[in-house]
$ cat query17.txt   # compact mmCIF, C-alpha atoms and all ligand atoms
# COMPACT_ATOMS: atom_id res chain seq x y z
CA MET A 1 43.01 7.74 -8.75
CA CYS A 2 42.99 6.73 -12.40
CA ASP A 3 43.22 9.76 -14.72
CA THR A 4 41.45 8.02 -17.55
CA CYS A 5 38.32 6.84 -15.83
CA GLY A 6 38.32 8.42 -12.37
CA CYS A 7 38.12 5.08 -10.60
CA ASN A 8 39.99 4.30 -7.40
CA THR A 9 42.44 1.80 -8.84
CA PRO A 10 45.93 2.83 -10.09
CA ASP A 11 45.99 4.42 -13.55
CA ASN A 12 48.01 1.79 -15.40
CA HIS A 13 45.21 -0.73 -15.77
CA SER A 14 43.34 -1.79 -18.89
CA HIS A 15 40.19 0.16 -19.66
CA ASN A 16 38.31 -2.59 -21.42
CA GLU A 17 36.84 -3.57 -18.09
CA HIS A 18 35.13 -0.18 -17.96
CA ASP A 19 32.95 -1.11 -20.86
CA LYS A 20 29.37 -0.57 -19.96
CA ARG A 21 27.03 -3.48 -20.27
CA LEU A 22 23.30 -3.85 -19.87
CA LEU A 23 21.83 -6.39 -17.45
CA GLU A 24 18.19 -7.31 -17.88
CA LEU A 25 16.52 -7.67 -14.47
CA HIS A 26 12.74 -7.34 -14.86
CA GLU A 27 12.44 -7.12 -11.14
CA ASP A 28 9.19 -6.08 -9.48
CA VAL A 29 10.07 -3.41 -6.91
CA MET A 30 7.17 -4.40 -4.64
CA SER A 31 8.22 -8.05 -4.57
CA SER A 32 10.22 -7.72 -1.33
CA ASN A 33 7.10 -6.42 0.43
CA GLU A 34 5.02 -9.17 -1.19
CA VAL A 35 7.29 -11.89 0.21
CA TYR A 36 6.66 -10.69 3.77
CA ALA A 37 2.95 -10.17 3.08
CA GLN A 38 2.70 -13.76 1.87
CA GLN A 39 4.45 -15.07 4.99
CA ASN A 40 2.17 -13.03 7.24
CA ARG A 41 -0.88 -14.34 5.41
CA GLU A 42 0.26 -17.93 5.83
CA TYR A 43 0.72 -17.34 9.55
CA PHE A 44 -2.74 -15.80 9.88
CA ASN A 45 -4.33 -18.69 8.02
CA LYS A 46 -2.52 -21.34 10.02
CA GLN A 47 -3.43 -19.72 13.36
CA LYS A 48 -6.95 -18.90 12.13
CA ILE A 49 -6.48 -15.20 12.79
CA PHE A 50 -8.91 -13.07 10.80
CA THR A 51 -7.03 -9.91 9.87
CA VAL A 52 -8.31 -6.57 8.61
CA ASN A 53 -6.25 -3.54 7.60
CA LEU A 54 -8.01 -0.22 8.35
CA LEU A 55 -7.13 2.66 6.05
CA SER A 56 -8.28 6.25 5.86
CA SER A 57 -7.18 9.85 5.87
CA PRO A 58 -6.24 11.25 9.30
CA GLY A 59 -9.21 11.62 11.62
CA SER A 60 -11.86 9.63 9.74
CA GLY A 61 -12.52 7.58 12.85
CA LYS A 62 -10.38 4.44 12.60
CA THR A 63 -9.52 4.35 16.29
CA THR A 64 -13.07 5.22 17.34
CA LEU A 65 -14.44 2.40 15.16
CA LEU A 66 -11.87 0.03 16.68
CA GLU A 67 -12.80 1.02 20.24
CA LYS A 68 -16.48 0.48 19.54
CA THR A 69 -15.84 -2.82 17.75
CA ILE A 70 -13.70 -4.11 20.64
CA ARG A 71 -16.37 -3.26 23.21
CA LEU A 72 -18.99 -5.13 21.16
CA LEU A 73 -16.85 -8.19 20.41
CA LYS A 74 -14.46 -8.75 23.29
CA ASN A 75 -16.77 -11.06 25.20
CA SER A 76 -17.08 -13.44 22.25
CA VAL A 77 -13.64 -13.33 20.61
CA SER A 78 -10.06 -12.43 21.41
CA VAL A 79 -9.16 -9.13 19.72
CA ALA A 80 -5.72 -7.58 19.15
CA VAL A 81 -4.75 -4.35 17.42
CA ILE A 82 -1.57 -3.17 15.73
CA GLU A 83 -1.52 0.62 15.64
CA GLY A 84 0.47 2.48 13.02
CA ASP A 85 1.14 6.17 13.59
CA GLN A 86 4.04 8.40 12.72
CA GLN A 87 4.35 9.48 16.37
CA THR A 88 2.90 8.77 19.84
CA GLU A 89 1.41 5.82 21.69
CA LEU A 90 -1.96 7.61 22.05
CA ASP A 91 -4.04 5.31 19.84
CA ALA A 92 -2.62 2.12 21.41
CA ASP A 93 -3.55 3.50 24.84
CA ARG A 94 -7.13 4.10 23.65
CA ILE A 95 -7.29 0.51 22.39
CA ARG A 96 -5.99 -0.91 25.68
CA SER A 97 -8.60 1.10 27.60
CA ALA A 98 -11.26 -0.41 25.35
CA GLY A 99 -10.07 -3.85 26.45
CA ALA A 100 -7.84 -5.26 23.72
CA ASN A 101 -4.20 -6.14 23.41
CA ALA A 102 -2.40 -3.42 21.43
CA LEU A 103 1.01 -2.83 19.92
CA GLN A 104 2.04 0.58 18.65
CA ILE A 105 4.36 0.93 15.65
CA ASN A 106 5.77 4.42 15.15
CA THR A 107 6.72 4.88 11.54
CA GLY A 108 8.50 8.23 12.06
CA ALA A 109 8.67 9.85 8.65
CA GLY A 110 7.09 6.75 7.08
CA CYS A 111 3.59 7.37 5.78
CA HIS A 112 2.41 3.74 5.73
CA LEU A 113 2.91 0.36 7.36
CA ASP A 114 4.70 -2.33 5.39
CA ALA A 115 4.59 -6.10 5.57
CA HIS A 116 8.06 -6.35 7.09
CA GLN A 117 7.02 -4.18 10.06
CA ILE A 118 3.94 -6.36 10.52
CA SER A 119 6.03 -9.55 10.43
CA HIS A 120 7.96 -8.24 13.47
CA ALA A 121 4.86 -6.92 15.20
CA ILE A 122 3.06 -10.27 15.05
CA LYS A 123 6.02 -11.91 16.74
CA GLU A 124 6.05 -9.32 19.47
CA ILE A 125 2.33 -9.05 20.23
CA GLU A 126 0.82 -12.22 21.60
CA LEU A 127 -1.90 -13.36 19.25
CA ASP A 128 -4.39 -16.10 20.13
CA SER A 129 -5.53 -18.59 17.53
CA ASN A 130 -9.11 -18.17 16.36
CA SER A 131 -8.90 -14.46 16.99
CA LEU A 132 -9.42 -11.10 15.33
CA LEU A 133 -6.46 -8.88 14.44
CA MET A 134 -7.16 -5.32 13.34
CA ILE A 135 -4.36 -3.20 11.94
CA GLU A 136 -4.82 0.57 11.97
CA ASN A 137 -2.66 1.98 9.22
CA VAL A 138 -1.12 5.46 9.23
CA GLY A 139 -3.75 8.10 8.38
CA ASN A 140 -3.16 8.67 4.66
CA LEU A 141 -5.35 8.02 1.62
CA VAL A 142 -2.55 7.33 -0.87
CA CYS A 143 0.58 5.49 0.20
CA PRO A 144 -0.75 2.61 2.32
CA SER A 145 -2.74 1.35 -0.68
CA MET A 146 0.47 0.07 -2.29
CA PHE A 147 1.58 -2.08 0.60
CA ASN A 148 -0.15 -5.38 1.23
CA LEU A 149 0.36 -6.51 4.80
CA GLY A 150 -0.95 -10.05 4.43
CA GLU A 151 -4.39 -9.00 5.68
CA HIS A 152 -7.57 -10.78 4.57
CA PHE A 153 -9.41 -7.54 3.85
CA LYS A 154 -8.60 -3.89 3.35
CA VAL A 155 -11.22 -1.71 5.00
CA VAL A 156 -11.25 1.93 3.87
CA ILE A 157 -13.05 4.38 6.13
CA LEU A 158 -14.46 7.55 4.65
CA SER A 159 -16.16 9.99 6.99
CA VAL A 160 -18.97 12.16 5.70
CA THR A 161 -17.12 15.37 6.57
CA GLU A 162 -14.49 14.64 3.91
CA GLY A 163 -16.66 15.12 0.80
CA ASP A 164 -18.42 12.51 -1.32
CA ASP A 165 -15.98 12.90 -4.23
CA LYS A 166 -13.07 11.25 -2.40
CA PRO A 167 -13.31 7.86 -4.19
CA LEU A 168 -12.62 9.60 -7.52
CA LYS A 169 -9.90 11.81 -6.07
CA TYR A 170 -8.09 8.95 -4.34
CA PRO A 171 -8.83 6.10 -6.76
CA HIS A 172 -5.87 3.94 -5.75
CA MET A 173 -7.10 3.53 -2.22
CA PHE A 174 -10.64 2.72 -3.32
CA HIS A 175 -9.37 0.35 -5.98
CA ALA A 176 -7.43 -1.58 -3.34
CA ALA A 177 -10.37 -1.63 -0.89
CA ASP A 178 -12.47 -4.71 -0.18
CA ILE A 179 -14.77 -2.79 2.14
CA VAL A 180 -15.70 0.88 2.40
CA VAL A 181 -17.16 2.11 5.69
CA PHE A 182 -18.93 5.47 5.54
CA ASN A 183 -18.45 6.82 9.05
CA LYS A 184 -19.85 9.74 11.07
CA THR A 185 -23.35 9.33 9.61
CA ASP A 186 -24.60 11.22 12.70
CA LEU A 187 -23.17 14.33 11.01
CA LEU A 188 -25.08 13.88 7.72
CA PRO A 189 -27.66 16.58 8.59
CA TYR A 190 -24.86 19.15 8.84
CA VAL A 191 -22.83 18.38 5.70
CA ASP A 192 -23.49 17.98 1.99
CA PHE A 193 -22.47 14.39 1.55
CA ASP A 194 -24.46 12.20 -0.82
CA ILE A 195 -23.77 8.64 0.35
CA GLU A 196 -25.36 7.07 -2.73
CA LYS A 197 -23.26 9.21 -5.03
CA SER A 198 -20.11 8.39 -3.09
CA GLN A 199 -20.98 4.69 -3.19
CA SER A 200 -21.48 4.83 -6.93
CA TYR A 201 -18.07 6.51 -7.34
CA ALA A 202 -16.47 3.76 -5.26
CA LYS A 203 -18.21 1.09 -7.35
CA GLN A 204 -17.16 2.78 -10.58
CA ILE A 205 -13.57 2.08 -9.54
CA ASN A 206 -14.22 -1.18 -7.79
CA PRO A 207 -17.59 -2.85 -8.55
CA LYS A 208 -17.07 -5.65 -6.01
CA VAL A 209 -16.58 -3.39 -3.00
CA ILE A 210 -18.88 -3.97 0.01
CA THR A 211 -20.09 -0.85 1.82
CA PHE A 212 -21.32 -0.08 5.34
CA GLU A 213 -22.80 3.13 6.73
CA LEU A 214 -22.40 3.80 10.41
CA SER A 215 -21.60 6.19 13.21
CA ALA A 216 -18.78 4.92 15.37
CA LYS A 217 -19.79 7.61 17.86
CA THR A 218 -23.49 6.87 18.35
CA GLY A 219 -23.31 3.20 17.37
CA GLU A 220 -25.96 3.59 14.67
CA GLY A 221 -25.37 1.04 11.88
CA MET A 222 -22.71 -0.87 13.83
CA THR A 223 -24.71 -4.12 13.76
CA ASP A 224 -24.10 -4.83 10.06
CA TRP A 225 -20.38 -4.25 10.47
CA ILE A 226 -20.16 -6.47 13.57
CA ASP A 227 -22.21 -9.19 11.85
CA TRP A 228 -19.85 -9.09 8.88
CA LEU A 229 -16.85 -9.51 11.17
CA LYS A 230 -18.53 -12.39 13.05
CA LEU A 231 -19.41 -14.12 9.81
CA ASN A 232 -15.79 -13.99 8.68
CA LEU A 233 -14.53 -15.10 12.07
CA THR A 234 -16.64 -18.24 11.95
CA ASN A 235 -15.66 -18.92 8.35
CA LYS A 236 -11.96 -18.96 9.23
CA MET B 237 5.49 10.36 0.51
CA HIS B 238 5.52 6.78 -0.76
CA GLU B 239 7.97 7.66 -3.56
CA LEU B 240 10.66 7.90 -0.88
CA SER B 241 10.18 4.35 0.32
CA ILE B 242 9.89 3.11 -3.27
CA ALA B 243 13.16 4.84 -4.19
CA SER B 244 14.81 3.28 -1.18
CA SER B 245 13.39 -0.18 -2.08
CA ILE B 246 14.90 0.21 -5.54
CA ILE B 247 18.31 1.01 -4.10
CA ASP B 248 18.06 -1.74 -1.47
CA SER B 249 17.19 -4.39 -4.01
CA LEU B 250 20.05 -3.33 -6.28
CA LYS B 251 22.42 -3.34 -3.30
CA ALA B 252 21.28 -6.82 -2.35
CA LYS B 253 21.90 -7.98 -5.89
CA PHE B 254 25.25 -6.36 -6.61
CA GLN B 255 26.94 -5.58 -3.31
CA ASP B 256 29.52 -8.34 -3.65
CA GLU B 257 30.41 -7.48 -7.22
CA ARG B 258 33.02 -4.93 -8.22
CA LEU B 259 30.78 -2.78 -10.34
CA GLN B 260 28.96 0.50 -10.44
CA ILE B 261 25.56 1.17 -11.89
CA THR B 262 25.52 3.89 -14.52
CA GLU B 263 21.86 3.70 -15.50
CA ILE B 264 18.69 2.27 -14.02
CA ASN B 265 15.81 1.64 -16.40
CA LEU B 266 12.61 1.72 -14.43
CA GLN B 267 9.13 1.03 -15.77
CA VAL B 268 6.28 2.78 -14.01
CA GLY B 269 2.68 2.16 -15.00
CA LYS B 270 0.35 5.13 -15.44
CA LEU B 271 -2.24 3.50 -13.19
CA THR B 272 0.07 3.33 -10.17
CA CYS B 273 0.00 6.16 -7.64
CA LEU B 274 3.62 7.06 -8.36
CA LEU B 275 4.72 10.38 -9.76
CA PRO B 276 7.85 10.00 -11.90
CA GLU B 277 9.12 13.47 -10.86
CA SER B 278 8.81 12.66 -7.15
CA LEU B 279 10.46 9.32 -7.68
CA GLN B 280 13.34 11.04 -9.45
CA PHE B 281 13.64 13.59 -6.67
CA CYS B 282 13.61 10.94 -3.94
CA PHE B 283 16.11 8.80 -5.78
CA ASP B 284 18.50 11.75 -6.05
CA SER B 285 18.24 12.40 -2.34
CA LEU B 286 19.13 8.77 -1.51
CA ARG B 287 21.94 8.03 -3.93
CA GLN B 288 24.82 8.17 -1.40
CA ASP B 289 25.79 4.52 -1.82
CA LYS B 290 28.72 4.11 -4.20
CA LEU B 291 26.85 1.48 -6.19
CA VAL B 292 24.29 4.01 -7.43
CA LYS B 293 26.08 7.30 -6.81
CA ASN B 294 26.63 7.89 -10.54
CA ALA B 295 23.53 6.20 -11.84
CA THR B 296 20.94 8.02 -13.88
CA LEU B 297 17.39 6.93 -13.23
CA LYS B 298 15.46 6.61 -16.47
CA ILE B 299 11.74 6.24 -16.02
CA GLU B 300 9.63 4.76 -18.79
CA THR B 301 5.92 5.36 -18.35
CA ILE B 302 3.69 2.46 -19.33
CA ASN B 303 0.19 3.34 -20.51
CA GLY B 304 -2.86 1.75 -18.96
CA THR B 305 -4.86 -0.97 -20.69
CA GLY B 306 -8.04 -2.50 -19.35
CA PHE B 307 -9.96 -5.61 -20.29
CA CYS B 308 -13.75 -5.51 -20.35
CA GLN B 309 -15.30 -8.87 -19.46
CA GLU B 310 -18.59 -7.90 -21.10
CA CYS B 311 -17.12 -7.06 -24.52
CA ASN B 312 -14.21 -9.45 -24.22
CA GLU B 313 -12.04 -6.63 -25.50
CA LYS B 314 -9.05 -4.51 -24.44
CA TYR B 315 -9.24 -0.71 -24.26
CA PRO B 316 -6.92 2.11 -23.23
CA MET B 317 -7.39 3.00 -19.56
CA GLU B 318 -6.58 6.58 -18.56
CA ALA B 319 -7.37 6.18 -14.87
CA LEU B 320 -8.62 3.58 -12.41
CA TYR B 321 -12.15 4.93 -12.72
CA THR B 322 -12.20 4.59 -16.54
CA VAL B 323 -15.28 2.60 -17.58
CA CYS B 324 -15.48 0.51 -20.75
CA PRO B 325 -15.77 3.01 -23.62
CA LYS B 326 -18.12 0.68 -25.51
CA CYS B 327 -20.54 -0.74 -22.93
CA GLN B 328 -19.80 1.55 -19.91
CA THR B 329 -19.15 -1.41 -17.59
CA PRO B 330 -17.01 -0.22 -14.65
CA GLY B 331 -14.09 -2.07 -13.10
CA MET B 332 -12.18 -3.17 -16.19
CA GLU B 333 -9.44 -5.62 -15.34
CA ILE B 334 -6.04 -3.94 -15.52
CA VAL B 335 -3.85 -5.78 -18.00
CA GLN B 336 -1.19 -3.08 -18.27
CA GLY B 337 -0.32 0.07 -16.35
CA ASN B 338 0.33 -1.39 -12.90
CA GLU B 339 4.04 -1.93 -13.44
CA LEU B 340 6.75 -0.93 -11.05
CA LYS B 341 9.75 -2.77 -12.40
CA ILE B 342 13.48 -2.43 -12.66
CA LYS B 343 13.68 -3.47 -16.27
CA SER B 344 17.45 -3.34 -16.62
CA VAL B 345 20.59 -1.67 -15.35
CA GLU B 346 23.66 -0.54 -17.15
CA VAL B 347 26.82 -1.35 -15.22
CA GLU B 348 30.56 -0.93 -15.50
CA ASP B 349 33.37 -2.63 -13.60
CA VAL B 350 35.36 -0.71 -11.04
N1 LIG C 401 -19.50 12.91 15.11
C1 LIG C 401 -18.68 11.86 15.00
N2 LIG C 401 -17.40 11.98 15.33
C2 LIG C 401 -16.60 10.88 15.19
C3 LIG C 401 -17.10 9.64 14.74
N3 LIG C 401 -16.07 8.75 14.71
C4 LIG C 401 -14.98 9.43 15.14
N4 LIG C 401 -15.30 10.71 15.44
C5 LIG C 401 -14.40 11.77 15.93
O1 LIG C 401 -13.43 12.06 14.93
C6 LIG C 401 -12.19 12.41 15.54
C7 LIG C 401 -11.09 11.53 14.99
O2 LIG C 401 -11.35 10.17 15.35
P1 LIG C 401 -10.25 9.04 15.45
O3 LIG C 401 -10.95 7.79 15.77
O4 LIG C 401 -9.15 9.46 16.36
O5 LIG C 401 -9.71 9.04 13.96
P2 LIG C 401 -8.51 8.22 13.33
O6 LIG C 401 -8.90 7.87 11.95
O7 LIG C 401 -8.12 7.12 14.22
O8 LIG C 401 -7.35 9.34 13.30
P3 LIG C 401 -5.76 9.10 13.05
O9 LIG C 401 -5.35 7.87 13.76
O10 LIG C 401 -5.16 10.34 13.65
O11 LIG C 401 -5.61 9.05 11.57
C8 LIG C 401 -12.39 12.24 17.03
O12 LIG C 401 -12.67 13.49 17.60
C9 LIG C 401 -13.60 11.33 17.13
O13 LIG C 401 -14.34 11.50 18.31
C10 LIG C 401 -18.48 9.55 14.41
O14 LIG C 401 -19.01 8.50 13.99
N5 LIG C 401 -19.22 10.68 14.54
MG MG C 402 -6.22 6.62 15.01
ZN ZN C 403 -17.37 -3.38 -22.45

$ encode --input "query17.txt" --output "structure tokens" --more "lines below"
Ligand SMILES: Nc1nc2c(ncn2[C@@H]2O[C@H](COP(=O)(O)OP(=O)(O)OP(=O)(O)O)[C@@H](O)[C@H]2O)c(=O)[nH]1
Ligand SMILES: [Mg+2]
Ligand SMILES: [Zn+2]
Amino acid sequence: MCDTCGCNTPDNHSHNEHDKRLLELHEDVMSSNEVYAQQNREYFNKQKIFTVNLLSSPGSGKTTLLEKTIRLLKNSVSVAVIEGDQQTELDADRIRSAGANALQINTGAGCHLDAHQISHAIKEIELDSNSLLMIENVGNLVCPSMFNLGEHFKVVILSVTEGDDKPLKYPHMFHAADIVVFNKTDLLPYVDFDIEKSQSYAKQINPKVITFELSAKTGEGMTDWIDWLKLNLTNK
Amino acid sequence: MHELSIASSIIDSLKAKFQDERLQITEINLQVGKLTCLLPESLQFCFDSLRQDKLVKNATLKIETINGTGFCQECNEKYPMEALYTVCPKCQTPGMEIVQGNELKIKSVEVEDV
């Protein structure tokens, strides 16, 4: 080891080469994810696959909404689901029982799906053209908002048991959202959740956001959501 | 914790760039916008836990915070933006367009030959 600089080359070398120099990079750290997201998006567009990315905190009802949606749509369109969870195949099994093709991605310690994982998943799962692909992200209201997957729309689900202030407390997720679905409206009589107030918070962050109110359990309000999906499927 | 995957993306992209070169990074100058969901302290912590690779083993991570600026379409004017829910201070219109504060950039690195 060199006594002068601590490097691993012999100590009789010139030390001019140890001069520090600054390299300007200006590199966007998210750009590697964006490259995959762009490729995924091109694939979806070419195959006419309408893709939505479902995001929420754990337990807001993503899988329940997917199950209900599949049962209402499977006779008119081919539906596939990519399930992101840290552990287990439980959600993918629920999706298969509801009648759709499902692929589970276990992220382990990872708290979100990224576009690279999706690029592999769409090769593995067999997707039909002119179909609907729904991606259930890992339950988390922060991290997944940073990672575009190449989806056409980000759908954030907020259940009425979580408190109407969530859009202000988790602004990044609501800023990234195209759609906000207020779920579990069947529980409104039992909780203090002001949907109008919550909507206005969401619109304060993101004025263009489209909102739906429904109960994935009872099916109340599902028609508007299903009509929105159908409209986008025919526009593809 | 998304800071962990961000820290590992930073290291991966530097590895991809410099792996073939005989140099070590002594300083990484990162720009992080105030309107991103990244906490500089967590990013620092995650970076320190991932710095095994010899390329970045001795690198200090310097994080420069970039303030938020929004553009109001109604007033045709730029204003400071503290948070994503900040409305236009003049006309109260929500949803100002973010013109600064969304950065997550490796601005530069300081390197030395080995
Ligand atoms: N009352 C009521 N319960 C619901 C509704 N939707 C979902 N649930 C219940 O909420 C719990 C969580 O639902 P899931 O669909 O598993 O939630 P998730 O968002 O997929 O959860 P993770 O994948 O673990 O993040 C389950 O017990 C559901 O039965 C609803 O509209 N009303
Ligand atoms: Mg689920
Ligand atoms: Zn204004």

$ residues_near_ligand --input "query17.txt" --ligand "ligand ZN 403 (chain C)" --cutoff "9 Å" --atoms "all atoms listed in the file" --output "JSON, numbers by chain"
{"B": [307, 308, 309, 310, 311, 312, 313, 314, 315, 323, 324, 325, 326, 327, 328, 329, 330, 332]}

$ residues_near_point --input "query17.txt" --point "(-0.1, 2.6, -23.3)" --cutoff "10 Å" --atoms "all atoms listed in the file" --output "PyMOL selection string"
chain B and resi 269-270+301-305+315-318+336-337

$ closest_residue --input "query17.txt" --among "B:Gln260, B:Gln255, B:Thr322, B:Ser241" --to "Asn294 of chain B" --atoms "all atoms listed in the file"
B:Gln260

$ atom_distance --input "query17.txt" --atom1 "atom CA of Gly150 of chain A" --atom2 "atom CA of Arg41 of chain A"
4.4 Å

$ closest_residue --input "query17.txt" --among "B:Asp256, B:Glu263, B:Asp289, B:Asp284" --to "chain A" --atoms "only C-alpha atoms"
B:Glu263

$ interface_residues --input "query17.txt" --of "chain A" --to "chain B" --cutoff "6 Å" --atoms "all atoms listed in the file" --output "PDB file with C-alpha atoms, in the coordinates of the input"
ATOM      1  CA  GLU A  17      36.840  -3.570 -18.090  1.00  0.00           C
ATOM      2  CA  HIS A  18      35.130  -0.180 -17.960  1.00  0.00           C
ATOM      3  CA  ASP A  19      32.950  -1.110 -20.860  1.00  0.00           C
ATOM      4  CA  LYS A  20      29.370  -0.570 -19.960  1.00  0.00           C
ATOM      5  CA  ARG A  21      27.030  -3.480 -20.270  1.00  0.00           C
ATOM      6  CA  LEU A  22      23.300  -3.850 -19.870  1.00  0.00           C
ATOM      7  CA  LEU A  23      21.830  -6.390 -17.450  1.00  0.00           C
ATOM      8  CA  GLU A  24      18.190  -7.310 -17.880  1.00  0.00           C
ATOM      9  CA  LEU A  25      16.520  -7.670 -14.470  1.00  0.00           C
ATOM     10  CA  HIS A  26      12.740  -7.340 -14.860  1.00  0.00           C
ATOM     11  CA  GLU A  27      12.440  -7.120 -11.140  1.00  0.00           C
ATOM     12  CA  ASP A  28       9.190  -6.080  -9.480  1.00  0.00           C
ATOM     13  CA  VAL A  29      10.070  -3.410  -6.910  1.00  0.00           C
ATOM     14  CA  CYS A 143       0.580   5.490   0.200  1.00  0.00           C
ATOM     15  CA  GLN A 204     -17.160   2.780 -10.580  1.00  0.00           C
ATOM     16  CA  ILE A 205     -13.570   2.080  -9.540  1.00  0.00           C
ATOM     17  CA  ASN A 206     -14.220  -1.180  -7.790  1.00  0.00           C
ATOM     18  CA  PRO A 207     -17.590  -2.850  -8.550  1.00  0.00           C
TER      19      PRO A 207
END

$ atom_distance --input "query17.txt" --atom1 "atom CA of Ser131 of chain A" --atom2 "atom CA of Ile49 of chain A"
4.9 Å

$ atom_distance --input "query17.txt" --atom1 "atom CA of Ile95 of chain A" --atom2 "atom CA of Glu67 of chain A"
5.9 Å

$ residues_around --input "query17.txt" --residues "segment 225-232 of chain A" --least-positions-apart "4" --cutoff "9 Å" --atoms "all atoms listed in the file" --output "list in words"
Phe50, Thr69, Leu72, Leu73, Leu132, Val181, Phe212, Glu213, Leu214, Gly221 and Lys236 of chain A

$ residues_near_ligand --input "query17.txt" --ligand "ligand MG 402 (chain C)" --cutoff "6 Å" --atoms "all atoms listed in the file" --output "list in words"
Lys62, Thr63 and Asp91 of chain A

$ residues_near_point --input "query17.txt" --point "(-20.8, 2.5, -4.0)" --cutoff "10 Å" --atoms "only C-alpha atoms" --output "PyMOL selection string"
chain A and resi 167+180+195-212

$ axis_aligned_box --input "query17.txt" --around "ligand LIG 401 (chain C)" --padding-each-side "4 Å" --output "AutoDock Vina command-line options"
--center_x -12.3 --center_y 10.3 --center_z 14.9 --size_x 22.3 --size_y 14.4 --size_z 14.7

$ closest_residue --input "query17.txt" --among "A:Thr64, A:Thr234, A:Asn130, A:Asn75" --to "ligand LIG 401 (chain C)" --atoms "all atoms listed in the file"
A:Thr64
